[in-house]
Amino acid sequence: MTSEAEPKKKTSRAGRDLPAAVGVGLALFAVVIIGLVWLPWLFIAFAAAALGLGVVEVHRALLRKGMQAVWLPIAIGTVISVLGGYLVSVRDLGMDPTTFVVICLGAMIIASLVGRLFRGAEGFIRDVAASGLLIAYIPLLGVFLPLLMGASAGNLRVLTVIAVVVASDTGAYATGVLIGKHKMAPAISPSKTWEGTVGGVVFSAIVGALLTHYLLGAPWWAGLILGMFGSMAGTVGDLVESLIKRDAGLKDMSNFLPGHGGIMDRLDSMLVAVPVGWLVLHLALGA
């Protein structure tokens with residue numbers, strides 16, 4: 001036995017490895033910023049890989065409920081739909097990007113049905129439903145990212161949507177700590193309050209109005225709408241992922257990101273907010 005105690009890793013109040021969390025967070029931030037400002041293909045490749053891993057994470061969660069999705073063609077199709085959707089958006093390949101991503105989604109559905117045919121009748125409906133959930137939850141929502149990125153000033157549009165979601169999270173946390181009293185969904189996310197949620201919407205609306213006007217040259221009121229609905233969509237995304245984890249008995253979706261948990265633990269709000277951001281900015285600015 002030694003007389004000196006072994007050094008312990010620094011952990012946050014949530015019990016996470018703090019140095020690892022900071023390091024991974026900075027790395028993710030650097031990839032996103034470098035990709036959006038200088039190397040758009042880096043950002044798209046990073047997003048495609050993240051969404052593909054997200055499929056793996058949700059599949060593992062569903063397995064804990066006895067639901068066996070045909071996950072591999074869905075994961076591959078997710079990556080192809082994001083990379084190909086952006087390629088078709090920025091290159092004149094004779095195909096509309098929306099058509100391309102719809103074809104990819106249809107192919108994933110067919111592949112998941114065919115892949116399940118040979119396991120027998122027992123549990124067929126359950127497993128096909130699991131594959132349908134995977135497709136609807138990740139690639140169907142995720143394909144709006146290349147559509148958003150491939151539009152005019154797409155990198156700035158994506159940056160604006162990300163900033164709106166970050167502002168919502170920050171505003172909700174700050175407001176909830178200061179004046180939060182009334183729990184919004186204690187059975188799903190005990191820390192969320194109605195006061196915090198409203199604060200997140202207000203913060204997000206302000207940031208959205210400023211960035212949409214000064215960064216994108218669009219009317220400020222479009223940014224106000226973007227911020228309000230983007231914040232609410234992000235909250236829905238967070239609650240949905242929390243419910244999946246609770247039903248599956250998980251604290252984190254995975255340990256893919258040291259100190260942070262899983263990919264979906266970081267993408268949950270963004271995944272639902274991006275389609276909303278695409279719609280608002282598409283109506284305000286066009287394609």
# chains A, B, ... in the order shown; residues from 1 in each chain; ligands from 1
>>> select_by_dssp(residues="region 82-213 of chain A", states="helix (DSSP H, G or I)", output="PyMOL selection string")
chain A and resi 82-90+97-117+124-137+139-142+144-149+154-179+194-213
>>> closest_atom_pairs(of="region 38-135 of chain A", to="region 239-255 of chain A", cutoff="12 Å", atoms="only C-alpha atoms", output="CSV")
residue,atom,partner,partner_atom,distance
A:Leu53,CA,A:Ser254,CA,9.9
A:Gly54,CA,A:Met253,CA,8.8
A:Val55,CA,A:Met253,CA,10.7
A:Val56,CA,A:Ser254,CA,9.4
A:Glu57,CA,A:Met253,CA,5.9
A:Val58,CA,A:Met253,CA,7.2
A:His59,CA,A:Met253,CA,9.9
A:Arg60,CA,A:Met253,CA,8.3
A:Ala61,CA,A:Ala248,CA,5.7
A:Leu62,CA,A:Ala248,CA,7.0
A:Leu63,CA,A:Ala248,CA,8.5
A:Arg64,CA,A:Ala248,CA,5.8
A:Lys65,CA,A:Ala248,CA,6.4
A:Gly66,CA,A:Ala248,CA,10.0
A:Met67,CA,A:Ala248,CA,10.8
A:Leu133,CA,A:Ile244,CA,11.3
A:Leu134,CA,A:Ile244,CA,11.8
>>> write_last_selection(atoms="C-alpha atoms", output="tab-separated table (two decimals), in the first residue's frame")
chain	number	residue	atom	x	y	z
A	53	LEU	CA	-23.14	7.90	-35.40
A	54	GLY	CA	-26.40	9.29	-34.08
A	55	VAL	CA	-28.21	6.48	-35.90
A	56	VAL	CA	-25.97	3.96	-34.14
A	57	GLU	CA	-26.68	5.54	-30.75
A	58	VAL	CA	-30.45	5.55	-31.13
A	59	HIS	CA	-30.35	2.00	-32.50
A	60	ARG	CA	-28.52	0.87	-29.36
A	61	ALA	CA	-31.11	2.61	-27.20
A	62	LEU	CA	-33.94	0.86	-29.08
A	63	LEU	CA	-32.22	-2.50	-28.59
A	64	ARG	CA	-32.70	-2.07	-24.86
A	65	LYS	CA	-36.44	-2.12	-25.56
A	66	GLY	CA	-36.19	-5.22	-27.74
A	67	MET	CA	-36.54	-3.23	-30.99
A	133	LEU	CA	-38.33	5.81	-36.13
A	134	LEU	CA	-34.61	5.91	-36.94
>>> residues_around(residues="region 29-45 of chain A", least_positions_apart="2", cutoff="8 Å", atoms="only C-alpha atoms", output="count of residues only")
14
>>> residues_around(residues="Leu211 (chain A)", least_positions_apart="4", cutoff="12 Å", atoms="only C-alpha atoms", output="PDB file with N, CA and C atoms, in the first residue's frame")
ATOM      1  N   LEU A 156     -23.602  31.172 -43.584  1.00  0.00           N
ATOM      2  CA  LEU A 156     -24.107  32.179 -42.644  1.00  0.00           C
ATOM      3  C   LEU A 156     -25.493  31.807 -42.120  1.00  0.00           C
ATOM      4  N   ARG A 157     -26.287  31.160 -42.948  1.00  0.00           N
ATOM      5  CA  ARG A 157     -27.599  30.698 -42.493  1.00  0.00           C
ATOM      6  C   ARG A 157     -27.433  29.639 -41.392  1.00  0.00           C
ATOM      7  N   VAL A 158     -26.527  28.694 -41.637  1.00  0.00           N
ATOM      8  CA  VAL A 158     -26.285  27.648 -40.638  1.00  0.00           C
ATOM      9  C   VAL A 158     -25.735  28.264 -39.352  1.00  0.00           C
ATOM     10  N   LEU A 159     -24.809  29.200 -39.504  1.00  0.00           N
ATOM     11  CA  LEU A 159     -24.245  29.860 -38.328  1.00  0.00           C
ATOM     12  C   LEU A 159     -25.325  30.582 -37.526  1.00  0.00           C
ATOM     13  N   THR A 160     -26.258  31.201 -38.212  1.00  0.00           N
ATOM     14  CA  THR A 160     -27.352  31.904 -37.544  1.00  0.00           C
ATOM     15  C   THR A 160     -28.244  30.935 -36.773  1.00  0.00           C
ATOM     16  N   VAL A 161     -28.571  29.816 -37.390  1.00  0.00           N
ATOM     17  CA  VAL A 161     -29.421  28.832 -36.716  1.00  0.00           C
ATOM     18  C   VAL A 161     -28.709  28.253 -35.494  1.00  0.00           C
ATOM     19  N   ILE A 162     -27.424  27.949 -35.638  1.00  0.00           N
ATOM     20  CA  ILE A 162     -26.666  27.440 -34.491  1.00  0.00           C
ATOM     21  C   ILE A 162     -26.646  28.470 -33.368  1.00  0.00           C
ATOM     22  N   ALA A 163     -26.406  29.736 -33.722  1.00  0.00           N
ATOM     23  CA  ALA A 163     -26.363  30.795 -32.706  1.00  0.00           C
ATOM     24  C   ALA A 163     -27.703  30.938 -32.000  1.00  0.00           C
ATOM     25  N   VAL A 164     -28.781  30.774 -32.743  1.00  0.00           N
ATOM     26  CA  VAL A 164     -30.126  30.869 -32.155  1.00  0.00           C
ATOM     27  C   VAL A 164     -30.334  29.767 -31.111  1.00  0.00           C
ATOM     28  N   ALA A 167     -28.130  30.454 -28.084  1.00  0.00           N
ATOM     29  CA  ALA A 167     -28.727  31.546 -27.304  1.00  0.00           C
ATOM     30  C   ALA A 167     -29.922  31.056 -26.508  1.00  0.00           C
ATOM     31  N   SER A 204     -33.168  33.956 -27.630  1.00  0.00           N
ATOM     32  CA  SER A 204     -33.030  33.443 -28.984  1.00  0.00           C
ATOM     33  C   SER A 204     -33.628  34.398 -30.011  1.00  0.00           C
ATOM     34  N   ALA A 205     -34.768  35.002 -29.687  1.00  0.00           N
ATOM     35  CA  ALA A 205     -35.409  35.948 -30.601  1.00  0.00           C
ATOM     36  C   ALA A 205     -34.541  37.182 -30.825  1.00  0.00           C
ATOM     37  N   ILE A 206     -33.908  37.674 -29.766  1.00  0.00           N
ATOM     38  CA  ILE A 206     -33.032  38.845 -29.888  1.00  0.00           C
ATOM     39  C   ILE A 206     -31.832  38.524 -30.768  1.00  0.00           C
ATOM     40  N   VAL A 207     -31.176  37.398 -30.491  1.00  0.00           N
ATOM     41  CA  VAL A 207     -30.012  36.997 -31.292  1.00  0.00           C
ATOM     42  C   VAL A 207     -30.425  36.748 -32.740  1.00  0.00           C
ATOM     43  N   LEU A 215     -26.269  40.031 -40.445  1.00  0.00           N
ATOM     44  CA  LEU A 215     -25.420  39.024 -41.081  1.00  0.00           C
ATOM     45  C   LEU A 215     -25.994  38.552 -42.409  1.00  0.00           C
ATOM     46  N   LEU A 216     -27.317  38.428 -42.483  1.00  0.00           N
ATOM     47  CA  LEU A 216     -27.943  37.897 -43.686  1.00  0.00           C
ATOM     48  C   LEU A 216     -28.632  38.968 -44.528  1.00  0.00           C
ATOM     49  N   GLY A 217     -28.800  40.168 -43.968  1.00  0.00           N
ATOM     50  CA  GLY A 217     -29.447  41.236 -44.712  1.00  0.00           C
ATOM     51  C   GLY A 217     -30.932  41.035 -44.898  1.00  0.00           C
ATOM     52  N   ALA A 218     -31.551  40.261 -44.006  1.00  0.00           N
ATOM     53  CA  ALA A 218     -32.987  40.006 -44.078  1.00  0.00           C
ATOM     54  C   ALA A 218     -33.711  40.888 -43.070  1.00  0.00           C
ATOM     55  N   PRO A 219     -35.023  41.034 -43.182  1.00  0.00           N
ATOM     56  CA  PRO A 219     -35.779  41.837 -42.204  1.00  0.00           C
ATOM     57  C   PRO A 219     -35.588  41.301 -40.785  1.00  0.00           C
ATOM     58  N   TRP A 220     -35.506  42.215 -39.828  1.00  0.00           N
ATOM     59  CA  TRP A 220     -35.271  41.805 -38.445  1.00  0.00           C
ATOM     60  C   TRP A 220     -36.390  40.932 -37.912  1.00  0.00           C
ATOM     61  N   TRP A 221     -37.631  41.195 -38.393  1.00  0.00           N
ATOM     62  CA  TRP A 221     -38.755  40.428 -37.885  1.00  0.00           C
ATOM     63  C   TRP A 221     -38.678  38.959 -38.311  1.00  0.00           C
ATOM     64  N   ALA A 222     -38.002  38.684 -39.447  1.00  0.00           N
ATOM     65  CA  ALA A 222     -37.799  37.291 -39.849  1.00  0.00           C
ATOM     66  C   ALA A 222     -36.898  36.586 -38.848  1.00  0.00           C
ATOM     67  N   GLY A 223     -35.880  37.314 -38.375  1.00  0.00           N
ATOM     68  CA  GLY A 223     -35.008  36.758 -37.355  1.00  0.00           C
ATOM     69  C   GLY A 223     -35.716  36.566 -36.027  1.00  0.00           C
ATOM     70  N   LEU A 224     -36.645  37.457 -35.744  1.00  0.00           N
ATOM     71  CA  LEU A 224     -37.440  37.314 -34.524  1.00  0.00           C
ATOM     72  C   LEU A 224     -38.254  36.019 -34.568  1.00  0.00           C
ATOM     73  N   LEU A 226     -37.545  33.431 -36.488  1.00  0.00           N
ATOM     74  CA  LEU A 226     -36.568  32.344 -36.455  1.00  0.00           C
ATOM     75  C   LEU A 226     -36.159  32.016 -35.026  1.00  0.00           C
ATOM     76  N   GLY A 227     -35.871  33.063 -34.250  1.00  0.00           N
ATOM     77  CA  GLY A 227     -35.439  32.853 -32.879  1.00  0.00           C
ATOM     78  C   GLY A 227     -36.511  32.217 -32.019  1.00  0.00           C
ATOM     79  N   LEU A 281     -35.873  30.772 -43.042  1.00  0.00           N
ATOM     80  CA  LEU A 281     -34.912  31.499 -43.877  1.00  0.00           C
ATOM     81  C   LEU A 281     -35.205  31.279 -45.365  1.00  0.00           C
TER      82      LEU A 281
END
>>> atom_distance(atom1="CA of Glu122 (chain A)", atom2="CA of Trp71 (chain A)")
18.3 Å
>>> closest_residue(among="A:His260, A:His282, A:Arg266, A:Arg126", to="Val166 (chain A)", atoms="only C-alpha atoms")
A:Arg266
